[in-house]
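Input: a single structure, listed below in structure tokens.
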Amino acid sequence: MLPRRWMEAYVHFLLRYRWPVIALSVVITLFLGHHLTQTQIQMNFLDFYPPGHPYTQLAKKHARMFGSANVLVVAVEVKDGDIFNVETLNKINRLTIALIETPGVNPWQVLSIAHPKIRNVIITTTGVKILPLFYPGPPKEPQDAARIKKAVYTNDGILDFYVSRDNKAALITAGFWESGLDFARMRDRLFALQAQETDANHVIHMTGFPMLFCWIFSYKQWIFYITALTVLSIIALLWFYFRTVQGVLIPLFSGTLSTVWALGFAGYLGFTIDLLMIVVFLLITARALSHSVQSMERYHEEYFRLGDKRAAILQSYLGLFSPALVSIAADGLAILSLAVAHIPLVQKLAVVSSFWIFTISISVVTLHPIILSFLNPPRRDPKAGRRLSDKIYTTINRGLVKISRGNARYVTAVGFVLALVVGIYYSEQLKIGDVSIGKALFYSSHPYNVAYDEVIKKGFVGISQLTIIAEGREPGVFRQLEALNALERFQRYMERQNPMAGGSASGVDVIRQLYLMFEEGIPKWSILPSDSHDVGNMFSYFLMSAGAPALERFVDKDLQNATITIFFRDYTHDTIMDALRRAKEYIAANPADKIDFRLAGGLFGILAAVNEEVEWSYRVNLYLVLATVFILSFLTYWSLAGALIVMIPSIVAQPLTEAIMYWTNIDMNINSLPIAAIGIGIGIDYGYYVLSRITEEYAHFPDVDQAIEEALMTTGRAILFTGTTLTASVIFWLFFPMKFQAEMALLLALILFLHVVGALVFIPSMVSLFRPRFAITEVTAVSPVPLAESKASVS
């Protein structure tokens with residue numbers, strides 16, 4: 001622990017120079033408060049990309065060929081009849097035009113049967129014509145609708161891609177830019193389009209990442225409402241516990257100051273606040289509350305014991321200084337270690353959240369003694385010990401004292417071992433990205449998931465795709481028959497070997513279809529020309545008829561790079577990983593001359609990159625947190641036994657957290673990673689406070705069990721209150737309309753509950769059972785400071 005003279009010197013400094021410290025704090029608050037006005041609650045699609053991952057690098061290198069993975073999927077479904085009627089086809093046309101005009105949409109990445117890029121090949125005696133499917137315009141008569149229906153069935157790549165096989169739904173896809181999006185404006189636009197085009201016979205389903213973000217952003221006001229209710233509940237519980245104005249206002253001041261500093265720091269750095277990460281800030285607020293309650297509880301205890309305000313301030317903070325600082329360091333470094341994840345969203349969260357934690361050393365450890373020096377001392381409550389709240393906490397803590405003695409200690413040890421074994425077993429069953437992102441964030445009955453399920457039910461195969469790049473080693477390589485054959489073999493393998501694949505596309509399909517078209521549609525002429533000039537002519541003809549953006553979906557202008565696109569019916573974790581596994585196996589077993597196959601683009605590439613980064617960073621983060629907490633624990637107690645005793649509850653809590661996620665079907669993904677990964681560090685402060693208080697009380701009670709009893713009836717009481725306070729405040733978040741926020745609130749409460757149990761049950765039992773030498777020789781507090789000295793220090 002820190003040398004006593006250092007702690008005394010710091011507290012004396014604070015009390016002697018309280019006005020300069022206050023002035024400096026005010027200046028920092030004004031500076032960061034100014035930048036707080038620049039902090040925005042916003043979401044950026046690019047923040048989800050791990051920029052250094054090979055898949056992301058490949059997507060950047062061939063961005064024109066890949067397009068955006070941020071794709072909106074709109075399904076127009078009819079209740080009666082089919083879509084091939086004048087009203088429905090015009091509705092599809094209006095929606096297509098409206099999406100092209102929607103702010104944030106990449107107009108080159110909008111597709112539907114009404115879009116000119118979806119072509120109808122017509123063979124006549126005068127030649128071959130390639131015309132838009134709706135040519136010469138939207139249908140006006142039933143005959144026009146019949147003509148369009150025929151074109152859908154006589155042209156490849158339309159049925160199942162843009163029209164369902166039962167003819168009752170049509171698909172529209174629109175790629176959005178990946179940065180600079182105004183989600184409020186985009187939300188209003190898309191919701192208005194959906195409401196405008198929905199009628200008695202038509203249902204408009206919208207899904208895909210742009211709609212996902214719109215729905216998330218639509219719950220922005222809920223965040224403020226529930227946060228307000230949470231604060232009110234905390235105020236009520238603080239009054240219930242302390243029954244003094246100081247006991248309520250000082251913890252609230254500490255939490256508010258840390259919040260202003262942290263959010264202002266985010267604004268200063270230009271970071272935005274992601275709505276899905278608000279639950280992490282709830283966790284940090286819980287930490288500030290925990291430290292404040294410990295501070296106020298100890299001050300009240302020392303004042304009623306000593307009867308002098310200044311002496312109570314000095315004595316209480318001498319006892320709290322070491323456990324508070326090591327707890328803040330462990331919490332802050334645990335969150336900062338999340339920065340190992342090469343995902344901008346997580347890195348920004350790590351920086352802001354760790355700074356938020358570190359501010360507690362100012363808002364609580366530094367400013368609390370100064371604030372208390374200005375305020376009147378608390379008055380002893382004549383009803384203290386007789387209230388219902390006092391009886392409840394006293395009864396529970398008496399029970400904890402009994403558990404720390406006798407045979408109950410062995411039961412505790414065995415129970416923690418069993419909990420660790422069970423946690424490790426079930427944590428191995430937890431998968432990364434096991435469910436679709438919509439099912440992870442929203443309830444099954446949510447409109448987003450209803451739309452997603454309906455698109456899947458209709459059998460559309462274009463809602464998600466895996467794009468493979470074939471990089472040629474020289475320009476013009478894809479004029480050669482050998483390269484085209486290699487491309488096609490890989491394409492057919494991926495299409496046939498993946499049960500969730502619904503189709504595929506490559507430049508080979510373009511050439512075969514064009515050659516077939518020139519030979520009047522006779523199937524035997526669906527071939528690849530052997531002459532490189534003929535191949536070049538086919539691509540040139542396609543370029544002139546369809547345009548450069550259409551051609552770049554298949555080959556680049558130099559015919560050096562080509563794509564293979566495999567269309568899938570969903571994008572669950574198993575589908576993605578199975579597809580990538582098969583692709584890697586094929587590449588390894590089938591080397592091609594002059595071509596290097598590179599993975600992976602499209603939505604599959606982005607999601608796979610994120611999942612792989614989450615899985616890697618989660619494990620690395622755990623090791624970093626374990627190492628950091630062990631070093632801090634060892635330096636605090638200068639004892640291996642002390643470090644292990646204080647760490648074991650957190651070590652047990654971590655796999656149990658993963659097991660709880662598995663039991664409750666909570667997905668491990670980029671959004672839940674921060675909560676799950678910081679479980680070890682974020683709750684260990686309870687253990688530090690209990691163990692430090694036990695060693696301190698041993699100086700007054702040379703009996704270990706008596707020291708444990710005193711620690712549990714004082715510090716343990718405050719810890720119990722903190723745990724119950726957070727649990728009560730989390731109740732409101734369980735009614736949040738987003739499944740993710742409700743689940744994370746529940747997980748947060750369970751994590752902290754596990755840490756409370758570990759601190760109040762395991763640590764006292766193990767100290768009593770093994771009586772480690774550090775606990776019965778370490779003395780962190782001696783006799784109370786003389787009153788004259790304490791008064792002189794603040795005079």
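For the structure tokens, the naming scheme is as follows: chains receive sequential letters (A, B, ...) according to their order of presentation, residues are indexed from 1 within each chain, and ligands are indexed from 1 in presentation order.
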
Test item: residues at most 7 Å from Gly264 (chain A), only C-alpha atoms, excluding those fewer than 6 positions along its chain, as a list in words: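 These residues fall inside the cut-off: Leu32, Gly33, His35, Leu36 and Thr39 of chain A.
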
If you take only C-alpha atoms and a cut-off of 12 Å, which residues of region 589-642 of chain A touch region 654-662 of chain A, and what are their nearest atom pairs and distances in Å to one decimal, in chain and number order, as JSON lines?
```
{"residue": "A:Tyr618", "atom": "CA", "partner": "A:Glu658", "partner_atom": "CA", "distance": 11.6}
{"residue": "A:Arg619", "atom": "CA", "partner": "A:Gln654", "partner_atom": "CA", "distance": 11.7}
{"residue": "A:Leu622", "atom": "CA", "partner": "A:Gln654", "partner_atom": "CA", "distance": 9.0}
{"residue": "A:Tyr623", "atom": "CA", "partner": "A:Gln654", "partner_atom": "CA", "distance": 11.8}
{"residue": "A:Val625", "atom": "CA", "partner": "A:Gln654", "partner_atom": "CA", "distance": 11.2}
{"residue": "A:Leu626", "atom": "CA", "partner": "A:Gln654", "partner_atom": "CA", "distance": 10.6}
```

File dump, residues just selected, all heavy atoms, as a compact mmCIF listing (two decimals), in the first residue's frame:
```txt
# COMPACT_ATOMS: atom_id res chain seq x y z
N TYR A 618 -11.03 -9.73 -27.66
CA TYR A 618 -11.64 -10.12 -26.39
C TYR A 618 -10.66 -10.96 -25.57
O TYR A 618 -10.47 -10.72 -24.37
CB TYR A 618 -12.93 -10.89 -26.66
CG TYR A 618 -13.61 -11.39 -25.41
CD1 TYR A 618 -14.05 -10.51 -24.42
CD2 TYR A 618 -13.83 -12.75 -25.21
CE1 TYR A 618 -14.68 -10.97 -23.28
CE2 TYR A 618 -14.47 -13.22 -24.07
CZ TYR A 618 -14.89 -12.32 -23.11
OH TYR A 618 -15.51 -12.77 -21.97
N ARG A 619 -10.03 -11.94 -26.22
CA ARG A 619 -9.09 -12.80 -25.49
C ARG A 619 -7.85 -12.02 -25.06
O ARG A 619 -7.39 -12.15 -23.93
CB ARG A 619 -8.68 -13.99 -26.39
CG ARG A 619 -9.85 -14.87 -26.78
CD ARG A 619 -10.60 -15.39 -25.57
NE ARG A 619 -11.86 -16.05 -25.94
CZ ARG A 619 -12.79 -16.41 -25.08
NH1 ARG A 619 -12.62 -16.16 -23.79
NH2 ARG A 619 -13.90 -16.99 -25.49
N LEU A 622 -8.65 -9.83 -22.11
CA LEU A 622 -8.73 -10.56 -20.83
C LEU A 622 -7.34 -10.77 -20.23
O LEU A 622 -7.14 -10.57 -19.02
CB LEU A 622 -9.41 -11.91 -21.04
CG LEU A 622 -10.92 -11.89 -21.31
CD1 LEU A 622 -11.44 -13.32 -21.39
CD2 LEU A 622 -11.66 -11.13 -20.24
N TYR A 623 -6.40 -11.15 -21.07
CA TYR A 623 -5.04 -11.36 -20.57
C TYR A 623 -4.43 -10.05 -20.06
O TYR A 623 -3.75 -10.02 -19.01
CB TYR A 623 -4.16 -11.95 -21.66
CG TYR A 623 -4.63 -13.30 -22.16
CD1 TYR A 623 -4.57 -13.64 -23.51
CD2 TYR A 623 -5.15 -14.25 -21.28
CE1 TYR A 623 -5.01 -14.87 -23.97
CE2 TYR A 623 -5.60 -15.48 -21.73
CZ TYR A 623 -5.52 -15.78 -23.08
OH TYR A 623 -5.96 -16.99 -23.53
N VAL A 625 -6.06 -7.42 -18.91
CA VAL A 625 -6.73 -7.02 -17.67
C VAL A 625 -6.23 -7.87 -16.51
O VAL A 625 -5.96 -7.36 -15.41
CB VAL A 625 -8.26 -7.13 -17.82
CG1 VAL A 625 -8.95 -6.90 -16.48
CG2 VAL A 625 -8.76 -6.14 -18.84
N LEU A 626 -6.09 -9.19 -16.73
CA LEU A 626 -5.59 -10.07 -15.67
C LEU A 626 -4.19 -9.64 -15.22
O LEU A 626 -3.91 -9.56 -14.02
CB LEU A 626 -5.57 -11.51 -16.16
CG LEU A 626 -6.90 -12.26 -16.16
CD1 LEU A 626 -6.76 -13.59 -16.89
CD2 LEU A 626 -7.39 -12.49 -14.73
```

Residue contacts of Gly399 (chain A) (12 Å, only C-alpha atoms) excluding same-chain residues fewer than 5 positions away, as a ChimeraX atom specification: /A:392-394,404-405,408,709,712-713,716-717,760-761

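Neighbours of Ser464 (chain A) closer than or equal to 7 Å, with only C-alpha atoms counted and sequence neighbours fewer than 3 positions away skipped, come out as Phe567, Phe568, Arg569, Asp570, Tyr571 and Leu603 of chain A.
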
Would you put the residues from that selection into a file with N, CA, C and O atoms, as an mmCIF file, in the first residue's frame?
```
data_model
loop_
_atom_site.group_PDB
_atom_site.id
_atom_site.type_symbol
_atom_site.label_atom_id
_atom_site.label_comp_id
_atom_site.auth_asym_id
_atom_site.auth_seq_id
_atom_site.Cartn_x
_atom_site.Cartn_y
_atom_site.Cartn_z
ATOM 1 N N PHE A 567 -24.305 -14.975 -53.585
ATOM 2 C CA PHE A 567 -25.451 -14.413 -52.869
ATOM 3 C C PHE A 567 -25.985 -15.431 -51.861
ATOM 4 O O PHE A 567 -26.164 -16.606 -52.195
ATOM 5 N N PHE A 568 -26.242 -14.942 -50.643
ATOM 6 C CA PHE A 568 -26.700 -15.810 -49.557
ATOM 7 C C PHE A 568 -28.053 -15.350 -49.035
ATOM 8 O O PHE A 568 -28.431 -14.191 -49.164
ATOM 9 N N ARG A 569 -28.744 -16.297 -48.389
ATOM 10 C CA ARG A 569 -30.095 -16.012 -47.899
ATOM 11 C C ARG A 569 -30.104 -15.369 -46.523
ATOM 12 O O ARG A 569 -31.142 -14.888 -46.063
ATOM 13 N N ASP A 570 -28.978 -15.389 -45.796
ATOM 14 C CA ASP A 570 -28.892 -14.690 -44.516
ATOM 15 C C ASP A 570 -27.431 -14.379 -44.243
ATOM 16 O O ASP A 570 -26.550 -14.707 -45.057
ATOM 17 N N TYR A 571 -27.176 -13.744 -43.121
ATOM 18 C CA TYR A 571 -25.786 -13.439 -42.778
ATOM 19 C C TYR A 571 -25.528 -13.729 -41.304
ATOM 20 O O TYR A 571 -24.965 -12.920 -40.581
ATOM 21 N N LEU A 603 -20.922 -7.669 -47.652
ATOM 22 C CA LEU A 603 -21.351 -7.667 -46.258
ATOM 23 C C LEU A 603 -20.666 -8.773 -45.468
ATOM 24 O O LEU A 603 -20.306 -8.591 -44.304
#
```

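The neighbours of Asn665 (chain A) here are the residues that come within 12 Å of it, using only C-alpha atoms and leaving out any residue fewer than 5 positions away in the same chain; they are A:Tyr426, A:Ser427, A:Gln429, A:Leu430, A:Lys431, A:Ile432, A:Gly433, A:Asp434, A:Val435, A:Lys439, A:Ala440, A:Leu441, A:Tyr443, A:Glu658, A:Ala659, A:Ile660, A:Lys739, A:Phe740, A:Glu743, A:Met744, A:Leu747.
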
Which of region 177-344 of chain A fall in helix (DSSP H, G or I), as a ChimeraX atom specification: /A:183-197,209-218,220-242,245-269,275-306,309-340,344

Best match for closeness to Gly270 (chain A) among A:Val508, A:Leu516, A:Leu599, A:Gln40, counting only C-alpha atoms: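 Smallest distance to Gly270 (chain A) is found for A:Gln40.
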
DSSP-assigned strand (DSSP E or B) members of region 2-185 of chain A, reported as JSON, numbers by chain: {"A": [41, 71, 72, 73, 74, 75, 76, 77, 78, 105, 106, 107, 108, 109, 110, 111, 119, 120, 121, 122, 123, 124, 127, 128, 129, 130, 131, 132, 159, 163, 169, 170, 171, 172, 173, 174, 175, 176]}

Point-to-point distance in Å for CA of Pro674 (chain A) and CA of Ser353 (chain A): 10.3 Å

CA of Ile424 (chain A) to CA of Leu283 (chain A), distance in Å rounded to a single decimal: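 Answer for the CA of Ile424 (chain A) to CA of Leu283 (chain A) separation: 24.1 Å.
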
Residue neighbourhood Val614 (chain A), 10 Å, only C-alpha atoms, exclusion window fewer than 5 positions, as a PyMOL selection string: chain A and resi 50+341-343+346+432-433+608-609+619-620+668-674

Residues of the last selection are to be written out with N, CA and C atoms, as a tab-separated table (two decimals), in the first residue's frame.
```tsv
chain	number	residue	atom	x	y	z
A	50	PRO	N	-12.89	-2.64	-38.73
A	50	PRO	CA	-11.49	-2.70	-38.28
A	50	PRO	C	-10.57	-2.33	-39.44
A	341	ALA	N	-8.45	-3.56	-29.43
A	341	ALA	CA	-9.33	-3.90	-30.54
A	341	ALA	C	-9.15	-2.88	-31.65
A	342	HIS	N	-8.82	-3.32	-32.84
A	342	HIS	CA	-8.56	-2.40	-33.94
A	342	HIS	C	-9.87	-2.00	-34.61
A	343	ILE	N	-10.80	-1.53	-33.77
A	343	ILE	CA	-12.11	-1.08	-34.24
A	343	ILE	C	-12.30	0.33	-33.70
A	346	VAL	N	-14.71	0.93	-30.69
A	346	VAL	CA	-14.26	0.41	-29.39
A	346	VAL	C	-13.08	1.22	-28.86
A	432	ILE	N	-19.02	-15.98	-31.13
A	432	ILE	CA	-18.95	-14.58	-31.51
A	432	ILE	C	-19.88	-14.33	-32.69
A	433	GLY	N	-20.76	-13.33	-32.56
A	433	GLY	CA	-21.67	-13.00	-33.66
A	433	GLY	C	-22.57	-14.15	-34.03
A	608	ALA	N	-17.36	-10.54	-41.13
A	608	ALA	CA	-16.32	-11.50	-40.74
A	608	ALA	C	-15.13	-10.76	-40.12
A	609	ALA	N	-14.75	-9.63	-40.70
A	609	ALA	CA	-13.65	-8.84	-40.16
A	609	ALA	C	-13.96	-8.37	-38.75
A	619	ARG	N	-10.03	-11.94	-26.22
A	619	ARG	CA	-9.09	-12.80	-25.49
A	619	ARG	C	-7.85	-12.02	-25.06
A	620	VAL	N	-7.31	-11.19	-25.96
A	620	VAL	CA	-6.14	-10.39	-25.61
A	620	VAL	C	-6.47	-9.44	-24.47
A	668	MET	N	-22.43	-12.33	-28.30
A	668	MET	CA	-21.15	-11.65	-28.12
A	668	MET	C	-20.81	-10.98	-29.45
A	669	ASN	N	-20.85	-9.66	-29.48
A	669	ASN	CA	-20.57	-8.93	-30.70
A	669	ASN	C	-19.87	-7.63	-30.35
A	670	ILE	N	-19.70	-6.77	-31.35
A	670	ILE	CA	-18.96	-5.53	-31.15
A	670	ILE	C	-19.60	-4.65	-30.09
A	671	ASN	N	-20.92	-4.76	-29.90
A	671	ASN	CA	-21.61	-3.91	-28.96
A	671	ASN	C	-21.56	-4.45	-27.53
A	672	SER	N	-21.62	-5.77	-27.38
A	672	SER	CA	-21.57	-6.36	-26.03
A	672	SER	C	-20.14	-6.61	-25.56
A	673	LEU	N	-19.17	-6.51	-26.48
A	673	LEU	CA	-17.76	-6.74	-26.12
A	673	LEU	C	-17.31	-5.91	-24.92
A	674	PRO	N	-17.55	-4.58	-24.89
A	674	PRO	CA	-17.03	-3.79	-23.75
A	674	PRO	C	-17.55	-4.27	-22.40
```

Minimum-distance residue to Ile587 (chain A), chosen among A:Asn167, A:Gln491, A:Thr565, A:Thr722 (using only C-alpha atoms):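 Closest to Ile587 (chain A) of all the choices is A:Gln491.
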
Atomic distance CA of Gln480 (chain A) - CA of Tyr493 (chain A), expressed in Å with one decimal: 20.5 Å

Residues within 12 Å of Ser233 (chain A), only C-alpha atoms, excluding chain neighbours under 6 positions, as a ChimeraX atom specification: /A:226-227,239-240,248,252,724-732

Using only all heavy atoms, please write the residues we just selected to a file, as a CSV table (one decimal), in the first residue's frame.
```
chain,number,residue,atom,x,y,z
A,226,ILE,N,-35.0,7.4,-19.6
A,226,ILE,CA,-34.6,6.3,-18.7
A,226,ILE,C,-33.5,6.8,-17.8
A,226,ILE,O,-33.4,6.4,-16.6
A,226,ILE,CB,-34.3,5.1,-19.4
A,226,ILE,CG1,-35.5,4.6,-20.2
A,226,ILE,CG2,-33.7,4.0,-18.5
A,226,ILE,CD1,-36.0,3.3,-20.1
A,227,THR,N,-32.6,7.6,-18.4
A,227,THR,CA,-31.5,8.1,-17.6
A,227,THR,C,-32.0,9.0,-16.4
A,227,THR,O,-31.5,8.9,-15.3
A,227,THR,CB,-30.5,8.9,-18.4
A,227,THR,OG1,-29.9,8.1,-19.5
A,227,THR,CG2,-29.4,9.5,-17.6
A,239,TRP,N,-30.9,8.9,-0.3
A,239,TRP,CA,-31.6,9.5,0.9
A,239,TRP,C,-32.0,8.4,1.8
A,239,TRP,O,-31.9,8.5,3.1
A,239,TRP,CB,-32.8,10.3,0.4
A,239,TRP,CG,-33.6,10.8,1.6
A,239,TRP,CD1,-34.8,10.4,2.1
A,239,TRP,CD2,-33.2,11.9,2.4
A,239,TRP,NE1,-35.2,11.1,3.2
A,239,TRP,CE2,-34.3,12.1,3.4
A,239,TRP,CE3,-32.2,12.8,2.4
A,239,TRP,CZ2,-34.2,13.1,4.4
A,239,TRP,CZ3,-32.1,13.8,3.4
A,239,TRP,CH2,-33.2,13.9,4.3
A,240,PHE,N,-32.5,7.3,1.3
A,240,PHE,CA,-32.9,6.1,2.1
A,240,PHE,C,-31.8,5.6,2.9
A,240,PHE,O,-32.0,5.2,4.1
A,240,PHE,CB,-33.4,5.0,1.1
A,240,PHE,CG,-33.9,3.8,1.8
A,240,PHE,CD1,-35.1,3.7,2.5
A,240,PHE,CD2,-33.1,2.6,1.7
A,240,PHE,CE1,-35.4,2.5,3.1
A,240,PHE,CE2,-33.4,1.4,2.3
A,240,PHE,CZ,-34.6,1.4,3.0
A,248,VAL,N,-26.6,12.8,-0.1
A,248,VAL,CA,-27.2,12.7,-1.4
A,248,VAL,C,-26.5,13.6,-2.4
A,248,VAL,O,-26.1,13.2,-3.5
A,248,VAL,CB,-28.7,13.2,-1.4
A,248,VAL,CG1,-29.3,13.2,-2.8
A,248,VAL,CG2,-29.5,12.2,-0.5
A,252,LEU,N,-23.8,12.8,-5.9
A,252,LEU,CA,-24.4,13.3,-7.2
A,252,LEU,C,-23.4,14.3,-7.8
A,252,LEU,O,-23.2,14.4,-9.1
A,252,LEU,CB,-25.7,14.0,-7.0
A,252,LEU,CG,-26.9,13.0,-6.7
A,252,LEU,CD1,-28.2,13.8,-6.5
A,252,LEU,CD2,-27.1,12.0,-7.8
A,724,THR,N,-27.0,-2.9,-4.3
A,724,THR,CA,-28.5,-2.9,-4.4
A,724,THR,C,-29.0,-1.6,-5.1
A,724,THR,O,-30.0,-1.6,-5.8
A,724,THR,CB,-29.1,-2.9,-2.9
A,724,THR,OG1,-28.6,-1.9,-2.1
A,724,THR,CG2,-28.8,-4.3,-2.3
A,725,THR,N,-28.3,-0.5,-4.9
A,725,THR,CA,-28.6,0.7,-5.6
A,725,THR,C,-28.6,0.6,-7.1
A,725,THR,O,-29.5,1.0,-7.8
A,725,THR,CB,-27.7,1.9,-5.1
A,725,THR,OG1,-27.9,2.1,-3.7
A,725,THR,CG2,-28.1,3.2,-5.9
A,726,LEU,N,-27.5,0.0,-7.5
A,726,LEU,CA,-27.3,-0.1,-9.0
A,726,LEU,C,-28.4,-1.1,-9.5
A,726,LEU,O,-29.0,-0.9,-10.6
A,726,LEU,CB,-25.9,-0.6,-9.3
A,726,LEU,CG,-25.7,-0.8,-10.8
A,726,LEU,CD1,-25.8,0.5,-11.6
A,726,LEU,CD2,-24.4,-1.5,-11.1
A,727,THR,N,-28.6,-2.2,-8.8
A,727,THR,CA,-29.6,-3.2,-9.3
A,727,THR,C,-30.9,-2.5,-9.4
A,727,THR,O,-31.7,-2.7,-10.3
A,727,THR,CB,-29.6,-4.4,-8.3
A,727,THR,OG1,-28.3,-4.9,-8.2
A,727,THR,CG2,-30.6,-5.4,-8.8
A,728,ALA,N,-31.3,-1.7,-8.4
A,728,ALA,CA,-32.6,-1.0,-8.4
A,728,ALA,C,-32.7,0.0,-9.6
A,728,ALA,O,-33.7,0.1,-10.2
A,728,ALA,CB,-32.9,-0.3,-7.1
A,729,SER,N,-31.6,0.7,-9.8
A,729,SER,CA,-31.6,1.7,-10.9
A,729,SER,C,-31.7,1.0,-12.3
A,729,SER,O,-32.2,1.6,-13.2
A,729,SER,CB,-30.4,2.6,-10.8
A,729,SER,OG,-29.2,1.9,-11.0
A,730,VAL,N,-31.2,-0.2,-12.4
A,730,VAL,CA,-31.2,-0.9,-13.6
A,730,VAL,C,-32.6,-1.4,-14.0
A,730,VAL,O,-32.8,-1.6,-15.2
A,730,VAL,CB,-30.2,-2.1,-13.6
A,730,VAL,CG1,-30.5,-3.1,-14.6
A,730,VAL,CG2,-28.8,-1.6,-13.7
A,731,ILE,N,-33.5,-1.5,-13.1
A,731,ILE,CA,-34.8,-2.0,-13.4
A,731,ILE,C,-35.5,-1.2,-14.5
A,731,ILE,O,-36.1,-1.8,-15.4
A,731,ILE,CB,-35.7,-1.9,-12.1
A,731,ILE,CG1,-35.2,-2.9,-11.1
A,731,ILE,CG2,-37.2,-2.1,-12.4
A,731,ILE,CD1,-36.0,-2.8,-9.8
A,732,PHE,N,-35.3,0.1,-14.5
A,732,PHE,CA,-35.9,0.9,-15.6
A,732,PHE,C,-35.4,0.6,-17.0
A,732,PHE,O,-36.1,0.6,-18.0
A,732,PHE,CB,-35.6,2.4,-15.3
A,732,PHE,CG,-36.2,2.9,-14.0
A,732,PHE,CD1,-35.4,3.2,-13.0
A,732,PHE,CD2,-37.6,3.0,-13.9
A,732,PHE,CE1,-35.9,3.7,-11.8
A,732,PHE,CE2,-38.1,3.5,-12.7
A,732,PHE,CZ,-37.3,3.8,-11.6
```

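The shortest atom-to-atom distance to Gly687 (chain A), with only C-alpha atoms taken into account, belongs to A:Ser327 out of A:Glu615, A:Ile357, A:Leu418, A:Ser327.
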
With a cut-off of 9 Å, could you pull out the residues of region 396-451 of chain A touching region 207-213 of chain A and give me the nearest pair of atoms for each, distance in Å to one decimal, using only C-alpha atoms, ordered by chain and ascending number, as a tab-separated table?
```
residue	atom	partner	partner_atom	distance
A:Ile437	CA	A:Leu212	CA	8.7
A:Gly438	CA	A:Leu212	CA	7.1
A:Leu441	CA	A:Leu212	CA	9.0
A:Pro447	CA	A:Thr207	CA	8.7
A:Tyr448	CA	A:Thr207	CA	5.7
A:Asn449	CA	A:Thr207	CA	7.6
A:Val450	CA	A:Thr207	CA	8.8
A:Ala451	CA	A:Thr207	CA	5.9
```

Residue nearest Ile694 (chain A) among A:Ile763, A:Leu640, A:Val629, A:Val340 (counting only C-alpha atoms):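 When distances to Ile694 (chain A) are compared using only C-alpha atoms, the smallest one comes from A:Ile763.
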
Given only C-alpha atoms as the counted atoms, nearest of A:Leu372, A:Val535, A:Leu282, A:Ile595 to Tyr317 (chain A):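 Under the stated criterion, the closest residue is A:Leu372.
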
Which residue of A:Val704, A:Val279, A:Glu197, A:Pro369 approaches Arg771 (chain A) most closely, using only C-alpha atoms: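 Among A:Val704, A:Val279, A:Glu197, A:Pro369, it is A:Val704 that comes nearest to Arg771 (chain A).
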